[in-house]
Amino acid sequence: MSEARIAIGNLGDGKLSITRSSDDGAARSAISLADPDIIRDPYSIYRELRAVSSIFRSDSLFGDAWVFMDPEDILTLLRDTDHLSSAKSRGIVDALPLEQRDQFKGLIELHSRWLNFFDPPKHTRMRKLVGRGFGAQIGERLLQAIRDLVAEMISSFENKDHVDIINDYARRVPLATVSEFLGIPKKDLPSFGRWIGDIATYMGSDQPDLETIKTAHRSLVEFEQYFREVVAERRKSPIPDDLISTLIEAEETGDVLTEDELFAQCTFLSFTGSETTKNLIGNAIYTLLQNDSQRRLLVENPTMIGRAIEEILRFECPVQFIVRIVKEPFTYKSAKLGSGEYVIMMIGAANRDPKVFTDPDVFDFAQERPKHISFGEGIHACLGQGLARKESEIAIGSFMAKFPNAELDQERGFSWRKNPGLRGLESLYVKFGR
Ligand code: HEM
């Protein structure tokens, strides 16, 4: 049988044709980052593309967009709020035929109120406000709550022969953390998990189908409705220093937030804080169990956990790309960007750039590495990075300390989530060698 190969052709004006062809020259077909072999290993296609150009335009990968892969270019563009906008909530729906877009106006509107989708000056004011909650909340009390939750989950594995680390651990730790962070009851976590999963499937997709968008829409509406009730409750009984109470106070004093924006920040923080950290914890356990010498190094030197996490963030970046929209035409190096065009910044590729990282495809946290860009850069850089780091240090460090001989369960295996933007596993079965 002939093997499928990626064919990259130069169409001029920075445009590449990226198709799949077979050795025997049989017909070419369109390529998607959600193709199973690319989901398993996106880094090979990044390498092939980089070898042709790290700045290109493609109408196959993201439905006509400019793509940037070089770390310096990405940092420059992420700081460029004069030319690039984050008001991209239409983004994914634009991939649909015109006649289908109208039914998702509500989804676009709900999304457009997320902090991440605002431009200055509104973004500046809102970020300051949301940022206040991060200062007050990420203290020893929250960290101790995470330690307790993690210890409880780990002790529930003690009599088991194997577990699915994604569903039984990586998903649960961030959900429980977010519930502590926002002060919501644990009994509501299963619904939370479902809403977040549905939104993530839509958010990280390069070209989602109709059903995926419909499901995300339904879940986002339910999620906001849930927060309407929580907020009504919290208005009656505020909790000092609590993030939701801080946001309510700002809304009540007419500071920046409307009531709808207040609900939107609650869904955004729950979503963004859970999905990415789940993927970081899952990707970390997977990578450590695949790399025995690195796993041993960590088990024997638990204080290296911080370095191990930075290397995971680089090596298996949970957010593979960041999107912006061109505000007004401008030229950046070889790219002539037109108003309204999409710009895709491939941070997952930039973190493996051989110009910056020695042996970029080797997972090695003993090596001093330059800084990765997995938390973005500029005015939208991740507000939760401190929390994500601390939370995953506790989750991964405790797991490796308790189960130093854990190994991948070859029989039950693992599978990657079909999500090119938010890289993580769907399931990962682990056996406990004792
Ligand atoms: C491993 C975990 C995480 C990763 C890899 C990650 C990654 C990112 C990235 C790349 C951005 C920038 C997006 C852009 O420029 O458009 C971002 C923004 C953001 N993240 Fe995270 N994140 C993580 C965890 C968290 C957590 C735990 C929280 C909070 C509970 C959080 C809250 C935010 C917020 C509020 C923003 C928007 C900031 C703004 O637009 O001003 N993140 N994150």
# chains A, B, ... in the order shown; residues from 1 in each chain; ligands from 1
$ residues_around --residues "Gly378 in chain A" --least-positions-apart "3" --cutoff "9 Å" --atoms "only C-alpha atoms" --output "ChimeraX atom specification"
/A:75,78-81,381
$ residues_near_ligand --ligand "ligand 1" --cutoff "6 Å" --atoms "only C-alpha atoms and all ligand atoms" --output "list in words"
Leu115, Asn116, Arg127, Leu269, Thr272, Gly273, Thr276, Thr277, Leu280, Pro318, Val319, Ile322, Ser374, Phe375, Gly376, Ile379, His380, Ala381, Cys382, Leu383, Gly384, Gln385, Leu387 and Ala388 of chain A
$ write_last_selection --atoms "C-alpha atoms" --output "CSV table (one decimal), in the first residue's frame"
chain,number,residue,atom,x,y,z
A,115,LEU,CA,-12.0,39.0,28.6
A,116,ASN,CA,-9.7,37.3,26.0
A,127,ARG,CA,-8.2,42.8,33.0
A,269,LEU,CA,-12.4,31.6,33.9
A,272,THR,CA,-9.9,28.5,30.5
A,273,GLY,CA,-8.6,27.4,33.9
A,276,THR,CA,-5.7,23.9,29.7
A,277,THR,CA,-4.5,22.7,33.0
A,280,LEU,CA,-0.9,20.1,31.0
A,318,PRO,CA,-1.5,22.7,25.8
A,319,VAL,CA,-2.4,25.7,23.7
A,322,ILE,CA,-3.3,31.8,19.3
A,374,SER,CA,3.1,28.7,26.0
A,375,PHE,CA,1.3,31.3,28.1
A,376,GLY,CA,1.3,33.9,25.3
A,379,ILE,CA,-1.6,42.4,27.1
A,380,HIS,CA,-3.4,39.0,26.9
A,381,ALA,CA,-0.6,36.9,28.4
A,382,CYS,CA,-2.1,34.2,30.7
A,383,LEU,CA,-3.4,35.7,33.9
A,384,GLY,CA,-3.6,32.2,35.5
A,385,GLN,CA,-0.1,31.1,34.8
A,387,LEU,CA,-2.0,29.2,39.4
A,388,ALA,CA,-1.5,26.7,36.6
$ select_by_dssp --residues "range 110-359 of chain A" --states "strand (DSSP E or B)" --output "PDB file with C-alpha atoms, in the first residue's frame"
ATOM      1  CA  HIS A 162      -5.008   0.731  36.686  1.00  0.00           C
ATOM      2  CA  VAL A 163      -6.767   4.073  36.138  1.00  0.00           C
ATOM      3  CA  ASP A 164      -7.567   6.375  33.261  1.00  0.00           C
ATOM      4  CA  VAL A 319      -2.437  25.676  23.656  1.00  0.00           C
ATOM      5  CA  ILE A 322      -3.308  31.829  19.252  1.00  0.00           C
ATOM      6  CA  VAL A 323      -5.582  33.697  16.845  1.00  0.00           C
ATOM      7  CA  ARG A 324      -5.883  37.401  16.006  1.00  0.00           C
ATOM      8  CA  ILE A 325      -7.656  39.444  13.319  1.00  0.00           C
ATOM      9  CA  VAL A 326      -6.024  42.167  11.234  1.00  0.00           C
ATOM     10  CA  PHE A 330      -0.068  46.276   7.126  1.00  0.00           C
ATOM     11  CA  THR A 331       3.050  44.503   5.976  1.00  0.00           C
ATOM     12  CA  TYR A 332       5.071  42.298   8.266  1.00  0.00           C
ATOM     13  CA  ALA A 335       3.356  38.999   4.668  1.00  0.00           C
ATOM     14  CA  LYS A 336       0.950  41.578   3.269  1.00  0.00           C
ATOM     15  CA  LEU A 337      -1.896  41.363   5.711  1.00  0.00           C
ATOM     16  CA  TYR A 342      -7.004  35.880  10.348  1.00  0.00           C
ATOM     17  CA  VAL A 343      -3.541  35.499  11.838  1.00  0.00           C
ATOM     18  CA  ILE A 344      -2.642  32.181  13.432  1.00  0.00           C
ATOM     19  CA  MET A 345       0.375  32.143  15.719  1.00  0.00           C
TER      20      MET A 345
END
$ atom_distance --atom1 "CA of Pro42 in chain A" --atom2 "CA of Asp13 in chain A"
25.3 Å
$ residues_around --residues "Glu224 in chain A" --least-positions-apart "2" --cutoff "8 Å" --atoms "only C-alpha atoms" --output "mmCIF file with C-alpha atoms, in the first residue's frame"
data_model
loop_
_atom_site.group_PDB
_atom_site.id
_atom_site.type_symbol
_atom_site.label_atom_id
_atom_site.label_comp_id
_atom_site.auth_asym_id
_atom_site.auth_seq_id
_atom_site.Cartn_x
_atom_site.Cartn_y
_atom_site.Cartn_z
ATOM 1 C CA LEU A 220 -22.424 27.839 26.926
ATOM 2 C CA VAL A 221 -26.038 28.963 27.406
ATOM 3 C CA GLU A 222 -26.506 26.443 30.253
ATOM 4 C CA TYR A 226 -25.837 28.407 36.048
ATOM 5 C CA PHE A 227 -23.722 31.453 36.911
ATOM 6 C CA ARG A 228 -26.806 33.692 36.900
ATOM 7 C CA PHE A 263 -21.518 36.029 33.846
ATOM 8 C CA ALA A 264 -19.243 35.792 30.834
ATOM 9 C CA CYS A 266 -17.266 33.392 35.215
ATOM 10 C CA THR A 267 -17.705 30.965 32.310
#
$ closest_residue --among "A:Asp353, A:Glu251, A:Asp209, A:Asp41" --to "Gln265 in chain A" --atoms "only C-alpha atoms"
A:Glu251
$ closest_residue --among "A:Ser156, A:Ser44, A:Gln410, A:Asn419" --to "Gln290 in chain A" --atoms "only C-alpha atoms"
A:Gln410
$ closest_residue --among "A:Glu261, A:Glu275, A:Asp168, A:Asp409" --to "Arg194 in chain A" --atoms "only C-alpha atoms"
A:Glu275
$ closest_residue --among "A:Leu61, A:Ala395, A:Ile45, A:Ala7" --to "Asp148 in chain A" --atoms "only C-alpha atoms"
A:Ala395
$ residues_around --residues "Arg171 in chain A" --least-positions-apart "2" --cutoff "9 Å" --atoms "only C-alpha atoms" --output "PyMOL selection string"
chain A and resi 165-169+173-176+193+274-275+277-279+281-282
$ write_last_selection --atoms "N, CA and C atoms" --output "PDB file, in the first residue's frame"
ATOM      1  N   ILE A 165      -5.934   8.073  33.708  1.00  0.00           N
ATOM      2  CA  ILE A 165      -5.396   9.264  34.364  1.00  0.00           C
ATOM      3  C   ILE A 165      -6.087  10.550  33.902  1.00  0.00           C
ATOM      4  N   ILE A 166      -6.591  10.565  32.686  1.00  0.00           N
ATOM      5  CA  ILE A 166      -7.244  11.793  32.202  1.00  0.00           C
ATOM      6  C   ILE A 166      -8.578  11.994  32.930  1.00  0.00           C
ATOM      7  N   ASN A 167      -9.423  10.972  32.873  1.00  0.00           N
ATOM      8  CA  ASN A 167     -10.755  11.160  33.469  1.00  0.00           C
ATOM      9  C   ASN A 167     -10.757  11.079  34.980  1.00  0.00           C
ATOM     10  N   ASP A 168      -9.859  10.262  35.524  1.00  0.00           N
ATOM     11  CA  ASP A 168      -9.890  10.062  36.981  1.00  0.00           C
ATOM     12  C   ASP A 168      -9.008  11.056  37.742  1.00  0.00           C
ATOM     13  N   TYR A 169      -8.164  11.808  37.029  1.00  0.00           N
ATOM     14  CA  TYR A 169      -7.220  12.672  37.743  1.00  0.00           C
ATOM     15  C   TYR A 169      -7.037  14.031  37.047  1.00  0.00           C
ATOM     16  N   VAL A 173      -8.592  17.443  38.907  1.00  0.00           N
ATOM     17  CA  VAL A 173      -7.809  18.394  39.719  1.00  0.00           C
ATOM     18  C   VAL A 173      -8.147  19.853  39.345  1.00  0.00           C
ATOM     19  N   PRO A 174      -8.065  20.234  38.053  1.00  0.00           N
ATOM     20  CA  PRO A 174      -8.380  21.645  37.736  1.00  0.00           C
ATOM     21  C   PRO A 174      -9.841  22.010  37.989  1.00  0.00           C
ATOM     22  N   LEU A 175     -10.739  21.060  37.771  1.00  0.00           N
ATOM     23  CA  LEU A 175     -12.151  21.367  38.039  1.00  0.00           C
ATOM     24  C   LEU A 175     -12.345  21.693  39.515  1.00  0.00           C
ATOM     25  N   ALA A 176     -11.753  20.844  40.357  1.00  0.00           N
ATOM     26  CA  ALA A 176     -11.882  21.069  41.796  1.00  0.00           C
ATOM     27  C   ALA A 176     -11.202  22.387  42.190  1.00  0.00           C
ATOM     28  N   GLY A 193     -17.901  19.927  34.137  1.00  0.00           N
ATOM     29  CA  GLY A 193     -16.993  19.155  33.291  1.00  0.00           C
ATOM     30  C   GLY A 193     -17.566  18.990  31.893  1.00  0.00           C
ATOM     31  N   SER A 274      -9.682  25.292  33.447  1.00  0.00           N
ATOM     32  CA  SER A 274      -9.786  23.839  33.589  1.00  0.00           C
ATOM     33  C   SER A 274      -9.177  23.086  32.423  1.00  0.00           C
ATOM     34  N   GLU A 275      -9.583  23.482  31.209  1.00  0.00           N
ATOM     35  CA  GLU A 275      -9.224  22.673  30.051  1.00  0.00           C
ATOM     36  C   GLU A 275      -7.704  22.651  29.823  1.00  0.00           C
ATOM     37  N   THR A 277      -5.252  23.302  31.973  1.00  0.00           N
ATOM     38  CA  THR A 277      -4.465  22.660  33.038  1.00  0.00           C
ATOM     39  C   THR A 277      -4.669  21.149  33.015  1.00  0.00           C
ATOM     40  N   LYS A 278      -5.882  20.732  32.660  1.00  0.00           N
ATOM     41  CA  LYS A 278      -6.118  19.286  32.495  1.00  0.00           C
ATOM     42  C   LYS A 278      -5.129  18.734  31.458  1.00  0.00           C
ATOM     43  N   ASN A 279      -5.004  19.444  30.348  1.00  0.00           N
ATOM     44  CA  ASN A 279      -4.100  18.965  29.299  1.00  0.00           C
ATOM     45  C   ASN A 279      -2.644  18.992  29.760  1.00  0.00           C
ATOM     46  N   ILE A 281      -1.527  18.545  32.832  1.00  0.00           N
ATOM     47  CA  ILE A 281      -1.286  17.430  33.756  1.00  0.00           C
ATOM     48  C   ILE A 281      -1.251  16.098  32.983  1.00  0.00           C
ATOM     49  N   GLY A 282      -2.198  15.924  32.064  1.00  0.00           N
ATOM     50  CA  GLY A 282      -2.234  14.688  31.266  1.00  0.00           C
ATOM     51  C   GLY A 282      -1.003  14.561  30.384  1.00  0.00           C
TER      52      GLY A 282
END
$ residues_around --residues "Thr215 in chain A" --least-positions-apart "3" --cutoff "9 Å" --atoms "only C-alpha atoms" --output "JSON, numbers by chain"
{"A": [198, 199, 202, 210, 211, 212, 218, 219, 220]}
$ residues_around --residues "Leu149 in chain A" --least-positions-apart "3" --cutoff "9 Å" --atoms "only C-alpha atoms" --output "PyMOL selection string"
chain A and resi 144-146+152-154+173+176-177
$ write_last_selection --atoms "N, CA and C atoms" --output "compact mmCIF listing (two decimals), in the first residue's frame"
# COMPACT_ATOMS: atom_id res chain seq x y z
N GLN A 144 -3.43 24.84 49.81
CA GLN A 144 -3.66 23.74 50.75
C GLN A 144 -4.90 22.94 50.34
N ALA A 145 -5.93 23.65 49.84
CA ALA A 145 -7.13 22.95 49.38
C ALA A 145 -6.77 22.03 48.20
N ILE A 146 -5.91 22.51 47.30
CA ILE A 146 -5.50 21.68 46.15
C ILE A 146 -4.72 20.46 46.65
N GLU A 152 -6.46 13.18 48.36
CA GLU A 152 -7.68 12.35 48.41
C GLU A 152 -7.83 11.52 47.12
N MET A 153 -7.62 12.17 45.99
CA MET A 153 -7.75 11.45 44.71
C MET A 153 -6.70 10.35 44.61
N ILE A 154 -5.46 10.68 44.99
CA ILE A 154 -4.38 9.70 44.87
C ILE A 154 -4.64 8.50 45.80
N VAL A 173 -8.59 17.44 38.91
CA VAL A 173 -7.81 18.39 39.72
C VAL A 173 -8.15 19.85 39.35
N ALA A 176 -11.75 20.84 40.36
CA ALA A 176 -11.88 21.07 41.80
C ALA A 176 -11.20 22.39 42.19
N THR A 177 -10.08 22.69 41.53
CA THR A 177 -9.37 23.95 41.84
C THR A 177 -10.23 25.15 41.47
$ closest_residue --among "A:Phe68, A:Phe118, A:Phe268, A:Phe192" --to "Ala87 in chain A" --atoms "only C-alpha atoms"
A:Phe118
$ closest_residue --among "A:Leu288, A:Ala170, A:Ala308, A:Val52" --to "Glu426 in chain A" --atoms "only C-alpha atoms"
A:Ala170
